[in-house]
>>> print(open('coords-v2.txt').read())   # compact mmCIF, C-alpha atoms
# COMPACT_ATOMS: atom_id res chain seq x y z
CA MET A 21 0.00 0.00 0.00
CA SER A 22 1.44 3.35 -1.00
CA ALA A 23 1.99 6.21 1.44
CA ARG A 24 -0.62 8.26 -0.43
CA THR A 25 -3.20 5.48 -0.05
CA LYS A 26 -2.44 5.23 3.68
CA GLN A 27 -2.92 8.99 4.03
CA LYS A 28 -6.24 8.81 2.21
CA ILE A 29 -7.41 6.02 4.53
CA ARG A 30 -6.41 8.09 7.57
CA LEU A 31 -8.50 11.00 6.27
CA GLN A 32 -11.46 8.69 5.70
CA GLU A 33 -11.11 7.33 9.23
CA ALA A 34 -10.94 10.88 10.62
CA ILE A 35 -14.20 11.76 8.84
CA LEU A 36 -15.84 8.65 10.30
CA CYS A 37 -14.91 9.88 13.80
CA LEU A 38 -17.13 12.95 13.43
CA LYS A 39 -20.48 12.69 15.19
CA THR A 40 -22.40 15.95 14.76
CA PRO A 41 -22.95 18.58 12.08
CA ASP A 42 -21.00 21.02 14.27
CA GLU A 43 -18.03 18.64 14.38
CA VAL A 44 -18.15 18.24 10.59
CA ASN A 45 -18.32 22.02 10.18
CA ARG A 46 -15.37 22.54 12.50
CA PHE A 47 -13.28 19.90 10.74
CA LEU A 48 -14.09 21.19 7.26
CA SER A 49 -13.34 24.75 8.36
CA ASP A 50 -9.88 23.65 9.48
CA LEU A 51 -9.26 21.30 6.55
CA CYS A 52 -10.56 23.39 3.65
CA THR A 53 -10.48 26.99 2.52
CA PRO A 54 -13.81 28.83 2.56
CA ALA A 55 -13.88 28.55 -1.24
CA GLU A 56 -13.40 24.77 -1.06
CA VAL A 57 -16.22 24.41 1.49
CA GLU A 58 -18.42 26.57 -0.74
CA ALA A 59 -17.61 24.41 -3.77
CA LEU A 60 -18.49 21.24 -1.81
CA THR A 61 -21.71 22.88 -0.60
CA GLN A 62 -22.69 23.85 -4.14
CA ARG A 63 -21.97 20.37 -5.52
CA TRP A 64 -24.09 18.81 -2.79
CA LEU A 65 -26.97 21.19 -3.60
CA VAL A 66 -26.68 20.28 -7.28
CA ALA A 67 -26.74 16.55 -6.43
CA GLN A 68 -29.91 17.04 -4.39
CA LEU A 69 -31.59 19.04 -7.14
CA LEU A 70 -30.63 16.48 -9.77
CA ASP A 71 -31.96 13.68 -7.57
CA GLU A 72 -35.36 15.40 -7.40
CA LYS A 73 -35.52 15.23 -11.24
CA LYS A 74 -37.70 18.36 -11.40
CA MET A 75 -35.30 20.86 -12.99
CA SER A 76 -33.22 21.13 -16.14
CA TYR A 77 -29.48 21.67 -15.92
CA HIS A 78 -29.99 25.33 -16.85
CA GLU A 79 -32.62 25.77 -14.13
CA ILE A 80 -30.23 24.19 -11.61
CA HIS A 81 -27.54 26.62 -12.81
CA ASP A 82 -29.93 29.54 -12.26
CA VAL A 83 -30.90 28.38 -8.75
CA SER A 84 -27.46 27.31 -7.54
CA GLY A 85 -25.19 29.77 -9.31
CA VAL A 86 -22.82 26.99 -10.42
CA SER A 87 -21.82 26.60 -14.04
CA VAL A 88 -23.68 24.23 -16.31
CA THR A 89 -20.35 22.41 -16.61
CA THR A 90 -20.39 21.74 -12.85
CA VAL A 91 -24.02 20.60 -13.02
CA THR A 92 -23.06 18.22 -15.83
CA ARG A 93 -20.05 16.91 -13.88
CA VAL A 94 -22.13 16.25 -10.76
CA ALA A 95 -24.78 14.56 -12.92
CA ARG A 96 -22.14 12.31 -14.47
CA PHE A 97 -20.92 11.19 -11.04
CA LEU A 98 -24.49 10.80 -9.76
CA LEU A 99 -25.75 8.83 -12.75
CA GLN A 100 -22.84 7.19 -14.57
CA GLU A 101 -19.67 6.78 -12.52
CA ARG A 102 -19.02 3.64 -10.50
CA TYR A 103 -18.42 5.26 -7.10
CA LYS A 104 -22.10 6.05 -6.34
CA GLY A 105 -21.09 8.19 -3.36
CA TYR A 106 -23.66 10.89 -4.06
CA GLN A 107 -26.42 8.29 -4.39
CA LEU A 108 -25.35 6.52 -1.21
CA VAL A 109 -25.66 9.69 0.85
CA LEU A 110 -28.83 10.85 -0.90
CA ASP A 111 -30.47 7.51 -0.13
CA ARG A 112 -29.38 7.63 3.51
CA CYS A 113 -30.52 11.22 3.96
CA THR A 114 -33.89 10.44 2.35
CA ALA A 115 -34.33 7.46 4.65
CA LYS A 116 -33.79 9.70 7.70
CA ALA A 117 -36.28 12.31 6.55
>>> encode(input="coords-v2.txt", output="structure tokens")
Amino acid sequence: MSARTKQKIRLQEAILCLKTPDEVNRFLSDLCTPAEVEALTQRWLVAQLLDEKKMSYHEIHDVSGVSVTTVTRVARFLLQERYKGYQLVLDRCTAKA
């Protein structure tokens, strides 16, 4: 296992240690720049809007302020890529609601 892979696993384990939204916020505020947190926030909003299947990419752009390119990229990861991370979290959040 490479050193980079070990570091990635340590980050994943650190995220799993977080228990509350406040803890996540505090960790992200230390780990990321405000612009990086904003970009993550926007991508998550786009994923939620795409999951609702009620808006076009251009409407999502208008609501979220992100580029159509970003909407398309999030849609590709939500619908086509093998990771299915967005869908995993969307399903879990929907189950809680």
>>> atom_distance(input="coords-v2.txt", atom1="atom CA of A:Arg93", atom2="atom CA of A:Ser49")
24.5 Å
>>> residues_around(input="coords-v2.txt", residues="A:Val94", least_positions_apart="4", cutoff="10 Å", atoms="only C-alpha atoms", output="number ranges by chain")
A: 63-67, 70, 88-90, 98-101, 106
>>> closest_residue(input="coords-v2.txt", among="A:Cys113, A:Ala95, A:Cys37, A:Met21", to="A:Lys73", atoms="all atoms listed in the file")
A:Ala95
>>> atom_distance(input="coords-v2.txt", atom1="atom CA of A:Ser22", atom2="atom CA of A:Glu56")
26.1 Å
>>> atom_distance(input="coords-v2.txt", atom1="atom CA of A:Thr40", atom2="atom CA of A:Val57")
16.9 Å
>>> closest_residue(input="coords-v2.txt", among="A:Glu58, A:Asp111, A:Glu43, A:Asp71", to="A:Gly85", atoms="all atoms listed in the file")
A:Glu58
>>> closest_residue(input="coords-v2.txt", among="A:Met75, A:Leu48, A:Leu38, A:Ile80", to="A:Gln62", atoms="only C-alpha atoms")
A:Ile80
>>> residues_around(input="coords-v2.txt", residues="A:Ile35", least_positions_apart="6", cutoff="12 Å", atoms="only C-alpha atoms", output="compact mmCIF listing (two decimals) with C-alpha atoms, in the coordinates of the input")
# COMPACT_ATOMS: atom_id res chain seq x y z
CA LYS A 28 -6.24 8.81 2.21
CA ILE A 29 -7.41 6.02 4.53
CA PRO A 41 -22.95 18.58 12.08
CA GLU A 43 -18.03 18.64 14.38
CA VAL A 44 -18.15 18.24 10.59
CA ASN A 45 -18.32 22.02 10.18
CA ARG A 46 -15.37 22.54 12.50
CA PHE A 47 -13.28 19.90 10.74
CA LEU A 48 -14.09 21.19 7.26
CA LEU A 51 -9.26 21.30 6.55
>>> closest_residue(input="coords-v2.txt", among="A:Thr25, A:Val109, A:Val91, A:Pro54", to="A:Glu79", atoms="only C-alpha atoms")
A:Val91
>>> closest_residue(input="coords-v2.txt", among="A:Ala59, A:Ala115, A:Cys52, A:Ala34", to="A:Ser87", atoms="all atoms listed in the file")
A:Ala59
>>> decode(input="coords-v2.txt", residues="stretch 39-66 of chain A", atoms="N, CA, C and O atoms", output="compact mmCIF listing (two decimals), in the first residue's frame")
# COMPACT_ATOMS: atom_id res chain seq x y z
N LYS A 39 -19.18 13.16 14.71
CA LYS A 39 -20.48 12.69 15.19
C LYS A 39 -21.62 13.68 15.00
O LYS A 39 -22.78 13.28 15.03
N THR A 40 -21.34 14.95 14.86
CA THR A 40 -22.40 15.95 14.76
C THR A 40 -22.14 16.89 13.59
O THR A 40 -20.99 17.02 13.15
N PRO A 41 -23.18 17.58 13.12
CA PRO A 41 -22.95 18.58 12.08
C PRO A 41 -21.94 19.65 12.51
O PRO A 41 -21.13 20.09 11.70
N ASP A 42 -21.97 20.03 13.79
CA ASP A 42 -21.00 21.02 14.27
C ASP A 42 -19.58 20.49 14.16
O ASP A 42 -18.67 21.22 13.75
N GLU A 43 -19.36 19.22 14.50
CA GLU A 43 -18.03 18.64 14.38
C GLU A 43 -17.58 18.60 12.92
O GLU A 43 -16.42 18.89 12.62
N VAL A 44 -18.48 18.25 12.01
CA VAL A 44 -18.15 18.24 10.59
C VAL A 44 -17.78 19.65 10.14
O VAL A 44 -16.78 19.85 9.43
N ASN A 45 -18.59 20.62 10.54
CA ASN A 45 -18.32 22.02 10.18
C ASN A 45 -16.95 22.46 10.69
O ASN A 45 -16.18 23.08 9.96
N ARG A 46 -16.65 22.15 11.92
CA ARG A 46 -15.37 22.54 12.50
C ARG A 46 -14.20 21.89 11.76
O ARG A 46 -13.19 22.53 11.47
N PHE A 47 -14.34 20.61 11.45
CA PHE A 47 -13.28 19.90 10.74
C PHE A 47 -13.09 20.46 9.34
O PHE A 47 -11.97 20.73 8.91
N LEU A 48 -14.20 20.64 8.61
CA LEU A 48 -14.09 21.19 7.26
C LEU A 48 -13.52 22.60 7.26
O LEU A 48 -12.77 22.97 6.36
N SER A 49 -13.87 23.38 8.27
CA SER A 49 -13.34 24.75 8.36
C SER A 49 -11.84 24.76 8.58
O SER A 49 -11.14 25.66 8.09
N ASP A 50 -11.33 23.78 9.30
CA ASP A 50 -9.88 23.65 9.48
C ASP A 50 -9.20 23.05 8.25
O ASP A 50 -8.10 23.45 7.87
N LEU A 51 -9.85 22.08 7.63
CA LEU A 51 -9.26 21.30 6.55
C LEU A 51 -9.28 22.05 5.21
O LEU A 51 -8.33 21.95 4.43
N CYS A 52 -10.34 22.78 4.96
CA CYS A 52 -10.56 23.39 3.65
C CYS A 52 -10.57 24.91 3.74
O CYS A 52 -10.87 25.49 4.78
N THR A 53 -10.31 25.54 2.61
CA THR A 53 -10.48 26.99 2.52
C THR A 53 -11.98 27.28 2.44
O THR A 53 -12.78 26.39 2.08
N PRO A 54 -12.39 28.50 2.73
CA PRO A 54 -13.81 28.83 2.56
C PRO A 54 -14.31 28.57 1.14
O PRO A 54 -15.43 28.09 0.96
N ALA A 55 -13.48 28.80 0.15
CA ALA A 55 -13.88 28.55 -1.24
C ALA A 55 -14.08 27.06 -1.49
O ALA A 55 -15.00 26.66 -2.23
N GLU A 56 -13.24 26.22 -0.90
CA GLU A 56 -13.40 24.77 -1.06
C GLU A 56 -14.67 24.28 -0.39
O GLU A 56 -15.40 23.45 -0.96
N VAL A 57 -14.97 24.79 0.80
CA VAL A 57 -16.22 24.41 1.49
C VAL A 57 -17.41 24.87 0.66
O VAL A 57 -18.39 24.13 0.50
N GLU A 58 -17.34 26.07 0.10
CA GLU A 58 -18.42 26.57 -0.74
C GLU A 58 -18.61 25.69 -1.98
O GLU A 58 -19.74 25.37 -2.35
N ALA A 59 -17.52 25.28 -2.60
CA ALA A 59 -17.61 24.41 -3.77
C ALA A 59 -18.26 23.07 -3.41
O ALA A 59 -19.12 22.57 -4.14
N LEU A 60 -17.87 22.50 -2.27
CA LEU A 60 -18.49 21.24 -1.81
C LEU A 60 -19.98 21.44 -1.54
O LEU A 60 -20.81 20.60 -1.91
N THR A 61 -20.31 22.56 -0.91
CA THR A 61 -21.71 22.88 -0.60
C THR A 61 -22.53 23.00 -1.88
O THR A 61 -23.65 22.47 -1.97
N GLN A 62 -21.98 23.68 -2.87
CA GLN A 62 -22.69 23.85 -4.14
C GLN A 62 -22.88 22.51 -4.85
O GLN A 62 -23.96 22.24 -5.39
N ARG A 63 -21.85 21.68 -4.86
CA ARG A 63 -21.97 20.37 -5.52
C ARG A 63 -23.03 19.52 -4.84
O ARG A 63 -23.79 18.80 -5.50
N TRP A 64 -23.08 19.59 -3.52
CA TRP A 64 -24.09 18.81 -2.79
C TRP A 64 -25.49 19.31 -3.12
O TRP A 64 -26.41 18.52 -3.31
N LEU A 65 -25.67 20.63 -3.21
CA LEU A 65 -26.97 21.19 -3.60
C LEU A 65 -27.35 20.70 -4.98
O LEU A 65 -28.48 20.26 -5.21
N VAL A 66 -26.41 20.74 -5.91
CA VAL A 66 -26.68 20.28 -7.28
C VAL A 66 -27.08 18.80 -7.27
O VAL A 66 -28.04 18.42 -7.94
